[in-house]
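Visitor: This structure is in structure tokens; I'll ask about it shortly.
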There are 2 protein chains.
Amino acid sequence: MSEYEAGGVPEPSVARRVPDLAALELLLAVARLGSLGRAAKAVGVSQPAASARIRSMERQLGVALVHRSPAGSRLTEAGGVVTEWARRVVEAAEAFDAGAQALRARRDSRLRVAASLTVAEYLLPGWLVALRAARPETAVSLQAGNSAAVAAQVRAGSADLGFVEGPDVPAGLDGAVIGHDRLLVVVAPSHTWARRSGMPPAEVAGAALVLREQGSGTRQVLDEALVPHGGLGAPLLELASTTAVKSAAVTGAGPAVLSELAVADELAARRLVAVPVAGLDLTRALRAVWPRGQRPSGPARDLLALTRGAGP
Amino acid sequence: MSEYEAGGVPEPSVARRVPDLAALELLLAVARLGSLGRAAKAVGVSQPAASARIRSMERQLGVALVHRSPAGSRLTEAGGVVTEWARRVVEAAEAFDAGAQALRARRDSRLRVAASLTVAEYLLPGWLVALRAARPETAVSLQAGNSAAVAAQVRAGSADLGFVEGPDVPAGLDGAVIGHDRLLVVVAPSHTWARRSGMPPAEVAGAALVLREQGSGTRQVLDEALVPHGGLGAPLLELASTTAVKSAAVTGAGPAVLSELAVADELAARRLVAVPVAGLDLTRALRAVWPRGQRPSGPARDLLALTRGAGP
DNA sequence: TCGGCTCATAAGCTGGGGTTATGAGCGAGT
DNA sequence: ACTCGCTCATAACCCCAGCTTATGAGCCGA
């Protein structure tokens, strides 16, 4: 739906209906500390400001969130639920922040990481949050690029640790498989395929699919995997970004093929359904890589320890 | 860490470092539409405002996000990665919004749902987002409460569909198991137990744990399950909210016992580690319930269809 | 060369959200 | 019983982030 809003009526944005990040953080602080005043101090504003902010949030949501009393403030039942939802938003923001800081920090960081887009987009932020919790002093810099560029950077010594996807360890590097990325055939729940269990690969190959453009990593994997099954047919749509493919699939444009990492949320929320395809292997390894012979140590080792079992 | 900020120095909030939700939405629109002007229209602001907003976002993050050209605007490499991170934040906000709207909407909605806290906090928002995508016209109202209250509401006809946890279907209602909620013993990765694989239940029972207070649902389940293993020992901490227990565990206060739904994020990001306990069954069913004999139809049926396989 | 798209710049307004200062409940301790 | 210390509320004021409209300047294709 949101795909088609370009010329149409601007759909009232969520931002209008969801409180500020600062307000959500304040709410979490109130939940934790049991008092507006202390929460105010914790987030660095005056007590009246905190009180007003919570009140305007209650007005905006149309629900009482806290019981205010001279003895302190407790969450209402609805407040507790809302707080939990708020926590999810704030956590996503923290991941964003961790990633953004790494992106900004160029050289001179204690740990310089180069990562493929898949890893950078879907896995790294979580690791960075965890790393920050475990080793707050570690400053991480991130350089995102395709697997070849990552390998080059690690080889050149401008990155201490790299993350790549693909079948082989790049030449001149050592590496360890840290997980797998599987491509899935996904459709909107309303699509006919959603009820199929176990499609023949040839039928997938012949169907009109929503895909990334030629040359993208996922497209390559798909092309190769389908060669023994008649090769990939003419695509329905070729889009330039994973996100675009995803929203096309969600809006029911047609079946798409995407990394399971990219669609995990959509699958969980049933916005998309995975269609099992019998005997089609669309798995590729995710690897951490480092200069040959130099086992990661220090910060690189810390980060590596967090990545075990990435991708299901 | 954040647990102790009450009296201390206010830690600079993420909100300061993460752009506005509106800005993130705008970035997504630019990514999707390929032009500042069209993105501006899509989110309902003027083109200069959009341009300025993106620019200030780039300044804030210290990274160029879009290539501006007279032919349109494309994301930079970093911009693509940032956009994906932004998408996560916006999606969490959308879940928040879906939940908040349901909470606000009282009677007269097309679908009145009553849900236990666990379901309301962790599962329902996702379902509501999916429902909104599939059936935008369905207005949902949500009433959160404990399982007894939910049963009462469904029985009284003030809710069309209820979600409860517990071993039995409440009297007078029909129901279907839609998933399971398992309690996990979790510790910070630095804790000694983090390396244990397969603890004896008796050792868990005897240890000083971080727990919810007496009378909470999770506490009850734990108490009962540990009776055959010597009963629950004196807790290390008794806290009033799931969130409080969780942050205590994350900061290393001690082992905690929490629903896997509550700690899924923390486990994924390795902020917490689950400790396997051999032969201890801490699973309880999550059920959808409805008035005896009245199979859900219409909107209730739609929602029910989305809940299959909730909880692993 | 014109028309249509792009983005940039300029000037001015507005209001949300902040501040400080102060008051008013409630409860615990002496 | 009084007072201290916490709670939250109210009032008056201020400021700047972000909006708007109006306009200009590149680039491209017909």
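Letters A, B, ... mark the chains of the structure tokens in the order given; residue numbers begin at 1 per chain; ligand numbers begin at 1, in order shown.
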Env of segment 43-59 of chain B: 7 Å cut, atoms = only C-alpha atoms (C1' of nucleotides), seq-sep filter 2 positions within chain, self excluded. Answer as a VMD selection string.

Guide: (chain A and resid 10 to 11 13) or (chain B and resid 19 23 26 36 to 37 39 to 41 61 to 65)

Visitor: I need the chosen residues saved as an mmCIF file, in the first residue's frame, with C-alpha atoms.

Guide:
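Final file, selection-v8.cif:
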data_model
loop_
_atom_site.group_PDB
_atom_site.id
_atom_site.type_symbol
_atom_site.label_atom_id
_atom_site.label_comp_id
_atom_site.auth_asym_id
_atom_site.auth_seq_id
_atom_site.Cartn_x
_atom_site.Cartn_y
_atom_site.Cartn_z
ATOM 1 C CA PRO A 10 -0.133 11.854 2.119
ATOM 2 C CA GLU A 11 -0.994 9.153 4.598
ATOM 3 C CA SER A 13 2.565 9.515 9.290
ATOM 4 C CA PRO B 19 16.836 11.436 14.187
ATOM 5 C CA ALA B 23 12.934 12.187 9.647
ATOM 6 C CA LEU B 26 11.187 10.746 5.269
ATOM 7 C CA LEU B 36 13.326 14.559 -2.301
ATOM 8 C CA GLY B 37 10.351 16.342 -3.733
ATOM 9 C CA ALA B 39 9.247 12.017 -0.740
ATOM 10 C CA ALA B 40 8.271 15.381 0.671
ATOM 11 C CA LYS B 41 4.853 15.107 -0.889
ATOM 12 C CA LEU B 61 24.948 11.367 11.795
ATOM 13 C CA GLY B 62 28.106 12.704 10.217
ATOM 14 C CA VAL B 63 27.501 10.632 7.099
ATOM 15 C CA ALA B 64 26.242 11.512 3.645
ATOM 16 C CA LEU B 65 23.027 9.636 3.073
#

Visitor: Neighbouring residues of segment 133-145 of chain A were defined as those with any atom within 8 Å, considering only C-alpha atoms (C1' of nucleotides); residues of the same chain fewer than 6 positions away were excluded. Please report them as a list in words.

Guide: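 Neighbouring residues, sequence-local ones excluded: Gly99, Gln101, Ala102, Leu103, Arg104, Ala105, Arg106, Arg107, Ser109, Arg110, Leu111, Arg112, Val113, Ala114, Ala115, Ser116, Leu117, Ala120 and Pro299 of chain A; Glu77, Ala78, Val81 and Arg271 of chain B.
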
Visitor: Could the residues of chain D within 8 Å of chain A, counting only C-alpha atoms (C1' of nucleotides), be given as a VMD selection string, please?

Guide: chain D and resid 6 to 8

Visitor: Please extract the residues of segment 82-152 of chain B with a backbone DSSP assignment of helix (DSSP H, G or I) and present them as a PyMOL selection string.

Guide: chain B and resi 82-104+117-122+124-134+147-152

Visitor: If I take atom CA of Met199 of chain A and atom CA of Ala274 of chain A, how far is one from the other in Å, to one decimal?

Guide: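 Separation between atom CA of Met199 of chain A and atom CA of Ala274 of chain A: 11.2 Å.
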
Visitor: Compile the contact shell of segment 207-219 of chain B as an NGL selection string: residues with an atom at most 9 Å away, counting only C-alpha atoms (C1' of nucleotides), same-chain residues fewer than 6 positions apart removed.

Guide: :B and (146 or 165-166 or 183 or 232-242 or 244-246 or 248-249 or 253-259)

Visitor: Using DSSP on the backbone coordinates, identify all residues within segment 100-185 of chain B classified as strand (DSSP E); present the result as a list in words.

Guide: Leu111, Arg112, Val113, Ala114, Ala115, Val140, Ser141, Leu142, Gln143, Ala144, Leu161, Gly162, Phe163, Val164, Glu165, Leu173, Asp174, Gly175, Ala176, Val177, Ile178, Gly179, His180, Asp181, Arg182, Leu183, Leu184 and Val185 of chain B

Visitor: Export C-alpha atoms of the chosen residues as a PDB file, in the first residue's frame?

Guide:
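Result file result-v8.pdb:
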ATOM      1  CA  LEU B 111     -13.330  -6.301  16.965  1.00  0.00           C
ATOM      2  CA  ARG B 112     -12.963  -6.187  20.722  1.00  0.00           C
ATOM      3  CA  VAL B 113     -10.001  -8.129  22.011  1.00  0.00           C
ATOM      4  CA  ALA B 114      -9.027  -8.893  25.586  1.00  0.00           C
ATOM      5  CA  ALA B 115      -5.521 -10.178  26.132  1.00  0.00           C
ATOM      6  CA  VAL B 140      -9.674  -3.188  16.978  1.00  0.00           C
ATOM      7  CA  SER B 141     -10.051  -2.355  20.625  1.00  0.00           C
ATOM      8  CA  LEU B 142      -7.790  -3.904  23.205  1.00  0.00           C
ATOM      9  CA  GLN B 143      -8.297  -4.513  26.879  1.00  0.00           C
ATOM     10  CA  ALA B 144      -5.281  -5.885  28.705  1.00  0.00           C
ATOM     11  CA  LEU B 161     -11.922 -12.730  21.387  1.00  0.00           C
ATOM     12  CA  GLY B 162      -9.584 -13.312  24.279  1.00  0.00           C
ATOM     13  CA  PHE B 163      -6.006 -14.457  24.706  1.00  0.00           C
ATOM     14  CA  VAL B 164      -4.934 -16.159  27.906  1.00  0.00           C
ATOM     15  CA  GLU B 165      -2.072 -18.213  29.209  1.00  0.00           C
ATOM     16  CA  LEU B 173     -15.313 -20.864  27.039  1.00  0.00           C
ATOM     17  CA  ASP B 174     -14.031 -22.615  23.979  1.00  0.00           C
ATOM     18  CA  GLY B 175     -10.455 -22.147  22.948  1.00  0.00           C
ATOM     19  CA  ALA B 176      -7.571 -23.165  20.791  1.00  0.00           C
ATOM     20  CA  VAL B 177      -3.895 -23.360  21.637  1.00  0.00           C
ATOM     21  CA  ILE B 178      -2.106 -20.863  19.441  1.00  0.00           C
ATOM     22  CA  GLY B 179       1.386 -21.289  20.793  1.00  0.00           C
ATOM     23  CA  HIS B 180       3.469 -21.757  23.878  1.00  0.00           C
ATOM     24  CA  ASP B 181       5.328 -19.613  26.285  1.00  0.00           C
ATOM     25  CA  ARG B 182       8.369 -21.117  27.878  1.00  0.00           C
ATOM     26  CA  LEU B 183      10.140 -19.692  30.880  1.00  0.00           C
ATOM     27  CA  LEU B 184      13.890 -19.586  30.564  1.00  0.00           C
ATOM     28  CA  VAL B 185      16.669 -19.286  33.070  1.00  0.00           C
TER      29      VAL B 185
END

Visitor: Give me, as CSV, the closest atom pair and its distance (Å, one decimal) for every residue of chain C within a cut-off of 9 Å of chain B, counting only C-alpha atoms (C1' of nucleotides), rows sorted by chain and rising number.

Guide:
residue,atom,partner,partner_atom,distance
C:DC5,C1',B:Ala71,CA,7.5
C:DT6,C1',B:Pro70,CA,4.0
C:DC7,C1',B:Pro70,CA,6.3
C:DA8,C1',B:Pro48,CA,8.1

Visitor: Tell me, as a ChimeraX atom specification, which residues lie within 9 Å of segment 9-13 of chain D, counting only C-alpha atoms (C1' of nucleotides); anything in the same chain fewer than 2 positions away does not count.

Guide: /A:48,51 /C:19,21-24

Visitor: Restricted to C-alpha atoms (C1' of nucleotides), what would the selected residues look like written as a PDB file, in the first residue's frame?

Guide:
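Contents of out_31.pdb, freshly written:
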ATOM      1  CA  PRO A  48       7.857  20.056  35.208  1.00  0.00           C
ATOM      2  CA  SER A  51       5.395  15.912  33.930  1.00  0.00           C
TER       3      SER A  51
ATOM      4  C1'  DT C  19      13.404  26.777  31.775  1.00  0.00           C
ATOM      5  C1'  DA C  21      10.122  29.959  40.663  1.00  0.00           C
ATOM      6  C1'  DT C  22       6.736  28.745  43.546  1.00  0.00           C
ATOM      7  C1'  DG C  23       2.868  26.279  45.839  1.00  0.00           C
ATOM      8  C1'  DA C  24       0.428  22.407  47.680  1.00  0.00           C
TER       9       DA C  24
END
